[in-house]
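J.: This is structure.txt, which holds compact mmCIF, C-alpha atoms:
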# COMPACT_ATOMS: atom_id res chain seq x y z
CA MET A 30 15.96 0.55 -21.32
CA ARG A 31 18.31 1.96 -18.74
CA ASN A 32 17.78 2.40 -15.04
CA VAL A 33 19.62 4.83 -12.77
CA PHE A 34 22.42 2.37 -12.08
CA ASP A 35 22.98 1.89 -15.80
CA TRP A 36 23.28 5.66 -16.15
CA VAL A 37 25.75 5.89 -13.28
CA LYS A 38 27.77 3.07 -14.86
CA GLU A 39 27.78 5.04 -18.13
CA ILE A 40 29.07 8.10 -16.28
CA ASN A 41 31.68 6.23 -14.24
CA THR A 42 33.03 3.58 -16.59
CA LYS A 43 31.67 3.42 -20.14
CA LYS A 44 31.64 7.13 -21.00
CA SER A 45 29.46 6.61 -24.10
CA PRO A 46 28.80 9.64 -26.31
CA ILE A 47 25.46 11.42 -25.91
CA ASP A 48 24.20 10.52 -29.38
CA SER A 49 24.58 6.78 -28.67
CA PHE A 50 21.41 6.85 -26.54
CA SER A 51 17.88 6.60 -27.88
CA ASN A 52 14.98 8.81 -26.86
CA LYS A 53 13.66 5.89 -24.81
CA ASP A 54 16.95 5.82 -22.92
CA TRP A 55 16.67 9.54 -22.20
CA ASP A 56 13.09 9.04 -21.02
CA GLN A 57 14.49 6.78 -18.30
CA TRP A 58 16.97 9.44 -17.10
CA ASN A 59 16.06 10.98 -13.75
CA SER A 60 18.30 13.93 -12.90
CA TYR A 61 17.36 13.97 -9.23
CA VAL A 62 18.20 10.30 -8.68
CA VAL A 63 21.45 10.49 -10.67
CA HIS A 64 22.53 13.49 -8.57
CA ARG A 65 21.61 11.63 -5.41
CA VAL A 66 23.49 8.45 -6.30
CA LEU A 67 26.60 10.35 -7.41
CA SER A 68 26.54 12.45 -4.23
CA MET A 69 27.09 9.30 -2.17
CA ASN A 70 30.74 9.57 -3.17
CA PRO A 71 32.24 12.39 -1.04
CA ASP A 72 34.76 13.15 -3.81
CA TYR A 73 31.91 14.24 -6.11
CA LEU A 74 29.93 16.41 -3.68
CA ALA A 75 31.22 19.76 -4.96
CA LEU A 76 30.59 18.77 -8.58
CA VAL A 77 27.11 17.42 -7.86
CA ASN A 78 26.28 20.56 -5.90
CA GLU A 79 27.11 22.69 -8.93
CA VAL A 80 25.52 20.45 -11.57
CA GLN A 81 22.22 20.11 -9.71
CA LYS A 82 21.70 23.85 -10.17
CA LEU A 83 20.94 23.10 -13.83
CA PRO A 84 17.30 22.45 -14.73
CA PRO A 85 16.57 18.71 -14.42
CA THR A 86 15.23 18.74 -17.97
CA ASP A 87 18.74 19.44 -19.34
CA LYS A 88 19.45 15.71 -19.24
CA LYS A 89 22.06 15.63 -21.97
CA GLN A 90 23.98 18.56 -20.55
CA ILE A 91 23.97 17.01 -17.05
CA TYR A 92 25.16 13.67 -18.43
CA SER A 93 27.84 15.40 -20.49
CA ILE A 94 29.22 17.34 -17.51
CA TYR A 95 29.35 14.27 -15.29
CA ARG A 96 30.86 12.20 -18.09
CA GLU A 97 33.65 14.74 -18.59
CA TYR A 98 34.44 15.64 -14.98
CA ILE A 99 34.10 12.31 -13.18
CA PRO A 100 37.20 10.19 -13.74
CA LYS A 101 36.80 6.75 -15.23
CA ASN A 102 36.50 4.29 -12.36
CA ASN A 103 34.60 1.25 -11.18
CA LYS A 104 34.29 2.41 -7.59
CA TRP A 105 31.15 1.54 -5.65
CA SER A 106 29.79 4.21 -3.30
CA LYS A 107 27.82 3.10 -0.29
CA TYR A 108 24.26 4.43 -0.18
CA ILE A 109 23.78 6.71 2.82
CA LYS A 110 20.44 6.10 4.53
CA SER A 111 18.52 8.49 6.70
CA THR A 112 19.00 8.09 10.44
CA VAL A 113 15.59 9.58 11.20
CA LYS A 114 13.24 7.01 12.73
CA GLN A 115 10.07 6.62 10.67
CA ARG A 116 6.94 6.46 12.78
CA ASN A 117 4.14 3.98 12.22
CA LYS A 118 1.71 5.23 9.54
CA ASP A 119 -1.33 4.03 11.50
CA LEU A 120 -0.14 5.93 14.58
CA ILE A 121 0.23 9.10 12.51
CA GLN A 122 -3.24 8.57 11.06
CA TYR A 123 -4.81 8.15 14.52
CA LEU A 124 -3.14 11.33 15.75
CA THR A 125 -4.03 13.21 12.56
CA ASN A 126 -7.69 12.43 13.19
CA TYR A 127 -7.42 13.18 16.92
CA PHE A 128 -5.77 16.60 16.54
CA GLN A 129 -7.33 17.43 13.15
CA LEU A 130 -3.90 18.35 11.77
CA SER A 131 -1.81 17.40 8.74
CA THR A 132 0.56 14.45 8.81
CA ARG A 133 3.50 16.86 8.58
CA GLU A 134 2.31 18.68 11.69
CA ILE A 135 1.74 15.39 13.54
CA LYS A 136 5.29 14.27 12.76
CA GLU A 137 6.50 17.51 14.34
CA TYR A 138 4.23 16.97 17.37
CA LEU A 139 5.66 13.49 17.86
CA GLN A 140 9.07 15.03 18.52
CA PHE A 141 7.62 16.65 21.64
CA LEU A 142 5.04 14.12 22.82
CA SER A 143 6.23 11.41 25.18
CA ASN A 144 5.17 7.79 24.69
CA LYS A 145 3.10 8.16 27.85
CA GLU A 146 1.15 11.07 26.36
CA VAL A 147 0.65 9.26 23.05
CA THR A 148 -0.50 6.14 24.93
CA LYS A 149 -3.07 8.24 26.82
CA ILE A 150 -4.43 9.72 23.57
CA LEU A 151 -4.64 6.30 21.90
CA SER A 152 -6.43 4.87 24.96
CA GLN A 153 -8.97 7.70 24.75
CA LEU A 154 -9.56 6.68 21.13
CA GLY A 155 -10.45 3.17 22.35
CA ILE A 156 -7.35 1.40 21.08
CA GLU A 157 -6.30 -1.69 23.06
CA ASP A 158 -2.98 -1.85 24.92
CA LYS A 159 -1.64 -4.61 22.65
CA GLU A 160 -2.29 -2.47 19.56
CA ILE A 161 -0.79 0.62 21.23
CA LYS A 162 2.47 -1.26 21.85
CA LYS A 163 2.63 -2.18 18.14
CA LEU A 164 2.00 1.42 17.12
CA LEU A 165 4.77 2.78 19.36
CA LYS A 166 7.51 0.42 18.13
As structure tokens, how would this structure be written, given the file I've shared?
T.:
Amino acid sequence: MRNVFDWVKEINTKKSPIDSFSNKDWDQWNSYVVHRVLSMNPDYLALVNEVQKLPPTDKKQIYSIYREYIPKNNKWSKYIKSTVKQRNKDLIQYLTNYFQLSTREIKEYLQFLSNKEVTKILSQLGIEDKEIKKLLK
């Protein structure tokens, strides 16, 4: 069975023909993740942008295009992480219950609420200061 990194290695270095893979191998293919990993290399952004317009179910066609257009190499591309700070899930849950809103809406609210305002809300909910500090980290 292949994982996404095995597929990327096939695209970048091995260049195996499509018919050399079993149906089980193709079941492990995930178009979205392959696009994402390949897009970490700035040289492939234009290609990935075009190929991801294909339906994700066209696995063999996507593999074939990448196999043909990406030059044979053994270059490692650094994974680019999000710079957006993830808020504490418990904090979001408390605020979801307080405001009676969705988690998506609460995440938007948190962009505008100061820590002082959030602390006041959490205090009104009966949460101790020690716990509030943990939630706001």
J.: Need to verify the contact set: Tyr61 of chain A, 12 Å, all atoms listed in the file, exclusion of same-chain residues closer than 2 positions in sequence. Can you return it as a tab-separated table (two decimals) with C-alpha atoms, in the coordinates of the input?
T.:
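Saved result, around-v3.tsv, follows:
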chain	number	residue	atom	x	y	z
A	33	VAL	CA	19.62	4.83	-12.77
A	57	GLN	CA	14.49	6.78	-18.30
A	58	TRP	CA	16.97	9.44	-17.10
A	59	ASN	CA	16.06	10.98	-13.75
A	63	VAL	CA	21.45	10.49	-10.67
A	64	HIS	CA	22.53	13.49	-8.57
A	65	ARG	CA	21.61	11.63	-5.41
A	66	VAL	CA	23.49	8.45	-6.30
A	67	LEU	CA	26.60	10.35	-7.41
A	68	SER	CA	26.54	12.45	-4.23
A	77	VAL	CA	27.11	17.42	-7.86
A	78	ASN	CA	26.28	20.56	-5.90
A	80	VAL	CA	25.52	20.45	-11.57
A	81	GLN	CA	22.22	20.11	-9.71
A	82	LYS	CA	21.70	23.85	-10.17
A	83	LEU	CA	20.94	23.10	-13.83
A	84	PRO	CA	17.30	22.45	-14.73
A	85	PRO	CA	16.57	18.71	-14.42
A	86	THR	CA	15.23	18.74	-17.97
A	87	ASP	CA	18.74	19.44	-19.34
A	88	LYS	CA	19.45	15.71	-19.24
A	91	ILE	CA	23.97	17.01	-17.05
J.: My list of candidates is A:Ser60, A:Asn102, A:Gln90, A:Ser111. Which is closest to Asn41 of chain A when distances are computed with only C-alpha atoms?
T.: A:Asn102
J.: Enter the distance from atom CA of Lys53 of chain A to atom CA of Tyr108 of chain A, in Å, rounded to one decimal.
T.: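 Separation of atom CA of Lys53 of chain A and atom CA of Tyr108 of chain A: 26.9 Å.
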J.: If I take atom CA of Leu164 of chain A and atom CA of Ile109 of chain A, how far is one from the other in Å, to one decimal?
T.: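 Result for atom CA of Leu164 of chain A versus atom CA of Ile109 of chain A: 26.6 Å, one decimal.
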J.: Near Ile121 of chain A, counting only C-alpha atoms, which residues have an atom at most 10 Å away, once you skip same-chain residues fewer than 2 positions from it, shown as a ChimeraX atom specification?
T.: /A:116-119,123-127,131-136,139,164
J.: What does the file look like for those residues with C-alpha atoms, as a PDB file, keeping the file's coordinate frame?
T.:
ATOM      1  CA  ARG A 116       6.940   6.460  12.780  1.00  0.00           C
ATOM      2  CA  ASN A 117       4.140   3.980  12.220  1.00  0.00           C
ATOM      3  CA  LYS A 118       1.710   5.230   9.540  1.00  0.00           C
ATOM      4  CA  ASP A 119      -1.330   4.030  11.500  1.00  0.00           C
ATOM      5  CA  TYR A 123      -4.810   8.150  14.520  1.00  0.00           C
ATOM      6  CA  LEU A 124      -3.140  11.330  15.750  1.00  0.00           C
ATOM      7  CA  THR A 125      -4.030  13.210  12.560  1.00  0.00           C
ATOM      8  CA  ASN A 126      -7.690  12.430  13.190  1.00  0.00           C
ATOM      9  CA  TYR A 127      -7.420  13.180  16.920  1.00  0.00           C
ATOM     10  CA  SER A 131      -1.810  17.400   8.740  1.00  0.00           C
ATOM     11  CA  THR A 132       0.560  14.450   8.810  1.00  0.00           C
ATOM     12  CA  ARG A 133       3.500  16.860   8.580  1.00  0.00           C
ATOM     13  CA  GLU A 134       2.310  18.680  11.690  1.00  0.00           C
ATOM     14  CA  ILE A 135       1.740  15.390  13.540  1.00  0.00           C
ATOM     15  CA  LYS A 136       5.290  14.270  12.760  1.00  0.00           C
ATOM     16  CA  LEU A 139       5.660  13.490  17.860  1.00  0.00           C
ATOM     17  CA  LEU A 164       2.000   1.420  17.120  1.00  0.00           C
TER      18      LEU A 164
END
J.: Excluding Ser49 of chain A and any residue of its chain fewer than 6 positions from it, enumerate the residues within 12 Å of it, using only C-alpha atoms, and give them as a VMD selection string.
T.: chain A and resid 39 43 55 89
